[in-house]
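Heads up, work.tsv below (TSV, C-alpha atoms):
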chain	number	residue	atom	x	y	z
A	497	MET	CA	101.58	77.11	86.51
A	498	LYS	CA	102.70	77.85	90.02
A	499	LYS	CA	99.95	78.57	92.48
A	500	GLU	CA	101.43	81.54	94.26
A	501	LYS	CA	104.27	83.96	93.85
A	502	SER	CA	104.79	84.07	97.59
A	503	SER	CA	102.59	84.10	100.64
A	504	ASN	CA	103.36	87.76	100.98
A	505	THR	CA	101.46	88.63	97.84
A	506	VAL	CA	97.72	88.50	97.54
A	507	VAL	CA	96.40	88.04	94.01
A	508	LYS	CA	93.00	88.09	92.37
A	509	SER	CA	92.30	84.42	92.98
A	510	ASP	CA	92.89	84.95	96.71
A	511	LEU	CA	90.22	87.65	96.71
A	512	VAL	CA	87.93	85.30	94.79
A	513	ASP	CA	88.51	82.68	97.51
A	514	ARG	CA	87.52	85.16	100.19
A	515	VAL	CA	84.34	86.07	98.35
A	516	TYR	CA	83.63	82.40	97.79
A	517	GLU	CA	84.03	81.61	101.48
A	518	LYS	CA	81.94	84.55	102.58
A	519	VAL	CA	78.99	84.18	100.27
A	520	GLY	CA	77.11	81.12	99.15
A	521	PHE	CA	77.80	81.12	95.44
A	522	THR	CA	79.98	78.91	93.33
A	523	ARG	CA	83.61	79.73	92.80
A	524	GLN	CA	82.80	80.50	89.19
A	525	GLU	CA	80.22	83.09	90.26
A	526	ALA	CA	82.60	84.58	92.79
A	527	MET	CA	85.26	84.88	90.10
A	528	GLU	CA	82.85	86.56	87.73
A	529	ALA	CA	81.70	89.00	90.38
A	530	VAL	CA	85.25	90.07	91.25
A	531	GLU	CA	86.14	90.44	87.58
A	532	ILE	CA	83.05	92.52	86.84
A	533	LEU	CA	83.71	94.68	89.89
A	534	LEU	CA	87.24	95.54	88.78
A	535	ASN	CA	86.06	96.15	85.23
A	536	GLU	CA	83.35	98.54	86.37
A	537	ILE	CA	85.84	100.58	88.35
A	538	LYS	CA	88.05	100.73	85.28
A	539	ALA	CA	85.10	101.66	83.07
A	540	GLY	CA	84.12	104.50	85.40
A	541	LEU	CA	87.65	105.87	85.38
A	542	ALA	CA	87.84	105.49	81.60
A	543	ARG	CA	84.68	107.63	81.32
A	544	GLY	CA	86.47	110.27	83.36
A	545	GLU	CA	84.64	109.71	86.64
A	546	ASN	CA	86.32	109.60	90.00
A	547	VAL	CA	85.47	106.43	91.89
A	548	ARG	CA	84.89	106.75	95.61
A	549	ILE	CA	84.61	103.62	97.69
A	550	ALA	CA	83.47	104.46	101.19
A	551	ASN	CA	85.68	103.04	103.94
A	552	PHE	CA	88.37	102.15	101.44
A	553	ALA	CA	89.68	104.86	99.18
A	554	SER	CA	88.93	107.04	96.24
A	555	PHE	CA	90.50	106.80	92.82
A	556	ASN	CA	90.73	110.29	91.44
A	557	LEU	CA	91.69	111.56	88.02
A	558	ARG	CA	94.01	114.51	87.67
A	559	LYS	CA	94.84	116.49	84.60
A	560	LYS	CA	98.49	117.26	84.08
A	561	LYS	CA	99.56	120.12	81.89
A	562	ALA	CA	102.00	119.73	79.06
A	563	ARG	CA	105.56	120.53	80.06
A	564	ASN	CA	109.09	120.48	78.76
A	565	ALA	CA	111.54	118.00	80.11
A	566	ARG	CA	114.82	116.38	79.26
A	567	ASN	CA	115.75	112.86	78.55
A	568	PRO	CA	118.10	112.35	81.50
A	569	ARG	CA	120.36	110.06	79.51
A	570	THR	CA	120.82	112.07	76.32
A	571	GLY	CA	119.99	115.55	77.61
A	572	GLU	CA	117.62	115.91	74.71
A	573	GLN	CA	114.69	118.33	75.12
A	574	ILE	CA	111.34	116.64	74.96
A	575	ARG	CA	107.79	117.85	75.21
A	576	ILE	CA	105.50	115.98	77.55
A	577	ARG	CA	101.95	116.18	76.31
A	578	PRO	CA	99.01	117.00	78.60
A	579	ARG	CA	97.81	113.81	80.18
A	580	LYS	CA	95.56	112.35	82.80
A	581	VAL	CA	96.85	110.43	85.75
A	582	LEU	CA	95.18	108.41	88.43
A	583	THR	CA	95.67	109.26	92.08
A	584	PHE	CA	94.76	107.16	95.08
A	585	LYS	CA	93.43	108.69	98.25
A	586	PRO	CA	93.06	106.22	101.11
A	587	SER	CA	90.15	106.67	103.50
A	588	ARG	CA	90.75	107.31	107.18
A	589	TYR	CA	89.68	103.74	107.89
A	590	LEU	CA	92.24	102.31	105.46
A	591	LEU	CA	94.96	104.54	106.88
A	592	GLU	CA	94.18	103.40	110.39
A	593	SER	CA	94.04	99.74	109.39
A	594	THR	CA	97.42	99.80	107.72
A	595	ASP	CA	99.22	101.88	110.31
A	596	ARG	CA	98.69	99.77	113.40
A	597	TRP	CA	101.91	97.84	112.82
A	598	HIS	CA	104.36	100.41	113.96
A	599	ASP	CA	103.70	99.67	117.63
A	600	GLU	CA	104.95	96.15	117.27
A	601	PRO	CA	108.44	95.24	118.45
A	602	ASN	CA	109.63	93.66	115.19
A	603	ASP	CA	109.18	96.94	113.41
A	604	SER	CA	112.85	97.90	113.85
B	164	MET	CA	80.93	107.10	91.05
B	165	THR	CA	80.16	106.02	94.59
B	166	LYS	CA	80.18	102.55	96.07
B	167	ALA	CA	76.38	102.33	95.83
B	168	GLU	CA	76.49	103.15	92.13
B	169	LEU	CA	79.26	100.66	91.62
B	170	VAL	CA	77.21	97.95	93.35
B	171	GLU	CA	74.29	98.71	91.07
B	172	LYS	CA	76.40	98.46	87.95
B	173	VAL	CA	77.92	95.17	89.00
B	174	ALA	CA	74.55	93.71	90.08
B	175	SER	CA	73.03	94.52	86.70
B	176	GLN	CA	75.58	92.30	84.97
B	177	ILE	CA	75.37	89.23	87.10
B	178	ASN	CA	72.74	87.00	88.53
B	179	LEU	CA	73.02	88.37	92.07
B	180	THR	CA	70.83	90.64	94.14
B	181	LYS	CA	72.04	94.09	95.12
B	182	LYS	CA	72.46	92.85	98.68
B	183	GLN	CA	74.67	89.95	97.59
B	184	THR	CA	76.65	92.20	95.30
B	185	GLU	CA	77.21	94.60	98.14
B	186	VAL	CA	78.65	91.77	100.22
B	187	VAL	CA	80.99	90.90	97.35
B	188	VAL	CA	82.17	94.48	97.00
B	189	ASN	CA	82.66	94.90	100.75
B	190	THR	CA	84.49	91.58	101.01
B	191	VAL	CA	86.91	92.49	98.24
B	192	PHE	CA	87.85	95.84	99.74
B	193	GLN	CA	87.90	94.51	103.29
B	194	SER	CA	90.25	91.72	102.16
B	195	ILE	CA	92.58	94.22	100.54
B	196	THR	CA	92.50	96.36	103.68
B	197	GLU	CA	93.25	93.39	105.95
B	198	SER	CA	96.03	92.11	103.72
B	199	LEU	CA	97.73	95.49	103.75
B	200	GLY	CA	97.28	95.60	107.52
B	201	GLN	CA	99.18	92.31	107.70
B	202	GLY	CA	101.97	93.80	105.65
B	203	LYS	CA	101.10	91.92	102.48
B	204	LYS	CA	100.89	93.40	99.05
B	205	VAL	CA	97.95	92.91	96.73
B	206	GLU	CA	98.52	92.56	93.00
B	207	LEU	CA	95.53	92.55	90.68
B	208	ARG	CA	96.36	91.73	87.08
B	209	GLY	CA	94.96	94.31	84.68
B	210	PHE	CA	94.21	96.71	87.48
B	211	GLY	CA	97.12	97.60	89.71
B	212	SER	CA	98.86	96.83	92.95
B	213	PHE	CA	98.40	97.95	96.52
B	214	ARG	CA	101.26	97.99	98.96
B	215	ILE	CA	102.44	99.59	102.15
B	216	ARG	CA	105.04	102.29	102.23
B	217	ARG	CA	106.87	103.33	105.30
B	218	ARG	CA	107.14	106.97	106.23
B	219	ASN	CA	109.93	107.90	108.58
B	220	ALA	CA	109.34	109.97	111.67
B	221	ARG	CA	109.92	113.65	111.09
B	222	THR	CA	109.59	116.99	112.75
B	223	GLY	CA	106.68	118.85	111.31
B	224	ARG	CA	105.18	122.19	112.05
B	225	ASN	CA	101.72	123.21	112.92
B	226	PRO	CA	100.98	125.43	109.94
B	227	LYS	CA	98.82	127.75	112.01
B	228	SER	CA	100.97	128.33	115.08
B	229	GLY	CA	104.36	127.40	113.65
B	230	ALA	CA	105.00	125.15	116.66
B	231	LYS	CA	107.21	122.13	116.06
B	232	VAL	CA	105.52	118.77	116.36
B	233	GLN	CA	106.95	115.27	116.17
B	234	VAL	CA	105.27	113.22	113.48
B	235	PRO	CA	105.83	109.53	114.25
B	236	ALA	CA	106.88	106.94	111.66
B	237	LYS	CA	103.92	105.39	109.96
B	238	ARG	CA	102.83	103.01	107.28
B	239	VAL	CA	100.67	104.30	104.50
B	240	PRO	CA	98.83	102.43	101.77
B	241	PHE	CA	100.01	103.05	98.25
B	242	PHE	CA	98.42	102.17	94.93
B	243	LYS	CA	100.17	101.81	91.63
B	244	ALA	CA	97.92	101.57	88.61
B	245	GLY	CA	98.79	98.81	86.17
B	246	LYS	CA	99.82	99.66	82.64
B	247	GLU	CA	96.42	98.82	81.23
B	248	LEU	CA	94.63	101.08	83.70
B	249	ARG	CA	97.12	103.92	83.23
B	250	GLU	CA	96.58	103.84	79.49
B	251	LEU	CA	92.82	103.54	79.80
B	252	VAL	CA	92.62	106.64	81.97
B	253	ASP	CA	94.75	108.70	79.61
B	254	LYS	CA	93.13	107.61	76.39
B	255	GLU	CA	90.76	110.35	75.19
B	256	GLU	CA	93.09	113.23	74.54
B	257	GLY	CA	96.03	111.11	73.40
Would you kindly transcribe this structure into structure tokens?
Amino acid sequence: MKKEKSSNTVVKSDLVDRVYEKVGFTRQEAMEAVEILLNEIKAGLARGENVRIANFASFNLRKKKARNARNPRTGEQIRIRPRKVLTFKPSRYLLESTDRWHDEPNDS
Amino acid sequence: MTKAELVEKVASQINLTKKQTEVVVNTVFQSITESLGQGKKVELRGFGSFRIRRRNARTGRNPKSGAKVQVPAKRVPFFKAGKELRELVDKEEG
């Protein structure tokens, strides 16, 4: 298996590496910790809880009402059932961290 | 669920102290933040992906006074839940 898709994409194992470098445990432990962390966020959302991570973002659940729509290809009427969707609200810190680029000259 | 509660839940499942777990949690989110700041995208299998979207400059209005204001172009973080997470969230009333 190839190690990386491209250097422009960070994947789970890269995060594991960062945790591994930062803290004294084995890579195995770091991997477990990252996996458990992601699973706990998922579990919270699955229980219907919003998950708020200070200085990062919150993952919020929204209820959408049922509505009528059309299949754009066939024009057929369809009913969209009520559903829950996940929304992402970045914290001020995250917004500021990601926005600093636009001052740079290569921004075009 | 807050970050503190999340740390507690994770710590209870692994042989790490709460302090160590907190470092793990902070490191993960700080890494994602830094990667996005460098213009990289972050793809987490089974969870979702984080990337940067560009917003063009536009003329906005102060909603109170109605005055025109220039809103500069900016980069905003964007999260797309993976299929597994989308389905998990929408399960109960399906």
For chain A against chain B, with a cut-off of 8 Å and counting all atoms listed in the file, what is the closest atom pair and its distance in Å to one decimal for every residue that makes the cut, ordered by chain and number, as JSON lines?
{"residue": "A:Asn504", "atom": "CA", "partner": "B:Lys203", "partner_atom": "CA", "distance": 5.0}
{"residue": "A:Thr505", "atom": "CA", "partner": "B:Lys204", "partner_atom": "CA", "distance": 5.0}
{"residue": "A:Val506", "atom": "CA", "partner": "B:Val205", "partner_atom": "CA", "distance": 4.5}
{"residue": "A:Val507", "atom": "CA", "partner": "B:Glu206", "partner_atom": "CA", "distance": 5.1}
{"residue": "A:Lys508", "atom": "CA", "partner": "B:Leu207", "partner_atom": "CA", "distance": 5.4}
{"residue": "A:Leu511", "atom": "CA", "partner": "B:Val191", "partner_atom": "CA", "distance": 6.1}
{"residue": "A:Arg514", "atom": "CA", "partner": "B:Thr190", "partner_atom": "CA", "distance": 7.1}
{"residue": "A:Val515", "atom": "CA", "partner": "B:Val187", "partner_atom": "CA", "distance": 6.0}
{"residue": "A:Lys518", "atom": "CA", "partner": "B:Thr190", "partner_atom": "CA", "distance": 7.6}
{"residue": "A:Val519", "atom": "CA", "partner": "B:Val187", "partner_atom": "CA", "distance": 7.6}
{"residue": "A:Ala526", "atom": "CA", "partner": "B:Val187", "partner_atom": "CA", "distance": 8.0}
{"residue": "A:Glu528", "atom": "CA", "partner": "B:Ile177", "partner_atom": "CA", "distance": 8.0}
{"residue": "A:Ala529", "atom": "CA", "partner": "B:Ile177", "partner_atom": "CA", "distance": 7.1}
{"residue": "A:Val530", "atom": "CA", "partner": "B:Val187", "partner_atom": "CA", "distance": 7.5}
{"residue": "A:Ile532", "atom": "CA", "partner": "B:Val173", "partner_atom": "CA", "distance": 6.2}
{"residue": "A:Leu533", "atom": "CA", "partner": "B:Val173", "partner_atom": "CA", "distance": 5.9}
{"residue": "A:Leu534", "atom": "CA", "partner": "B:Phe210", "partner_atom": "CA", "distance": 7.2}
{"residue": "A:Glu536", "atom": "CA", "partner": "B:Val173", "partner_atom": "CA", "distance": 6.9}
{"residue": "A:Ile537", "atom": "CA", "partner": "B:Leu169", "partner_atom": "CA", "distance": 7.3}
{"residue": "A:Lys538", "atom": "CA", "partner": "B:Leu248", "partner_atom": "CA", "distance": 6.8}
{"residue": "A:Gly540", "atom": "CA", "partner": "B:Met164", "partner_atom": "CA", "distance": 7.0}
{"residue": "A:Leu541", "atom": "CA", "partner": "B:Val252", "partner_atom": "CA", "distance": 6.1}
{"residue": "A:Ala542", "atom": "CA", "partner": "B:Val252", "partner_atom": "CA", "distance": 4.9}
{"residue": "A:Gly544", "atom": "CA", "partner": "B:Val252", "partner_atom": "CA", "distance": 7.3}
{"residue": "A:Glu545", "atom": "CA", "partner": "B:Met164", "partner_atom": "CA", "distance": 6.3}
{"residue": "A:Asn546", "atom": "CA", "partner": "B:Met164", "partner_atom": "CA", "distance": 6.0}
{"residue": "A:Val547", "atom": "CA", "partner": "B:Met164", "partner_atom": "CA", "distance": 4.7}
{"residue": "A:Arg548", "atom": "CA", "partner": "B:Thr165", "partner_atom": "CA", "distance": 4.9}
{"residue": "A:Ile549", "atom": "CA", "partner": "B:Lys166", "partner_atom": "CA", "distance": 4.8}
{"residue": "A:Ala550", "atom": "CA", "partner": "B:Lys166", "partner_atom": "CA", "distance": 6.4}
{"residue": "A:Phe552", "atom": "CA", "partner": "B:Phe192", "partner_atom": "CA", "distance": 6.6}
{"residue": "A:Leu557", "atom": "CA", "partner": "B:Val252", "partner_atom": "CA", "distance": 7.9}
{"residue": "A:Arg579", "atom": "CA", "partner": "B:Asp253", "partner_atom": "CA", "distance": 6.0}
{"residue": "A:Lys580", "atom": "CA", "partner": "B:Asp253", "partner_atom": "CA", "distance": 4.9}
{"residue": "A:Val581", "atom": "CA", "partner": "B:Asp253", "partner_atom": "CA", "distance": 6.7}
{"residue": "A:Leu582", "atom": "CA", "partner": "B:Arg249", "partner_atom": "CA", "distance": 7.1}
{"residue": "A:Phe584", "atom": "CA", "partner": "B:Phe242", "partner_atom": "CA", "distance": 6.2}
{"residue": "A:Pro586", "atom": "CA", "partner": "B:Pro240", "partner_atom": "CA", "distance": 6.9}
{"residue": "A:Leu590", "atom": "CA", "partner": "B:Thr196", "partner_atom": "CA", "distance": 6.2}
{"residue": "A:Leu591", "atom": "CA", "partner": "B:Val239", "partner_atom": "CA", "distance": 6.2}
{"residue": "A:Ser593", "atom": "CA", "partner": "B:Gly200", "partner_atom": "CA", "distance": 5.6}
{"residue": "A:Thr594", "atom": "CA", "partner": "B:Gly200", "partner_atom": "CA", "distance": 4.2}
{"residue": "A:Asp595", "atom": "CA", "partner": "B:Arg238", "partner_atom": "CA", "distance": 4.8}
{"residue": "A:Arg596", "atom": "CA", "partner": "B:Gly200", "partner_atom": "CA", "distance": 7.3}
{"residue": "A:Trp597", "atom": "CA", "partner": "B:Gly200", "partner_atom": "CA", "distance": 7.4}
{"residue": "A:His598", "atom": "CA", "partner": "B:Lys237", "partner_atom": "CA", "distance": 6.4}
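Of note, atom CA of A:Tyr516 and atom CA of B:Lys182 are spaced 15.3 Å apart.
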Problem - A:Lys585 surroundings by all atoms listed in the file, 8 Å radius, close-in-sequence under 4 positions cut, as a ChimeraX atom specification - result: /A:553-556
Practice task
Rounded to one decimal place, report the atom CA of B:Lys231-atom CA of B:Arg218 distance in Å.
Solution key: 18.1 Å
Practice task
Might you pull out every residue within 7 Å of stretch 221-224 of chain B, with only C-alpha atoms counted and same-chain residues fewer than 5 positions away left off, and present them as a list in words?
Solution key: Gly229, Ala230, Lys231, Val232, Gln233, Val234 and Pro235 of chain B
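Going from atom CA of A:Ser509 over to atom CA of B:Ser175, you cover 22.6 Å.
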Where is the centre and how long are the edges: axis-aligned box on stretch 523-539 of chain A, 5 Å on each side, Å to one decimal, as lines of an AutoDock Vina configuration file:
center_x = 84.1
center_y = 90.7
center_z = 87.9
size_x = 17.8
size_y = 31.9
size_z = 19.7
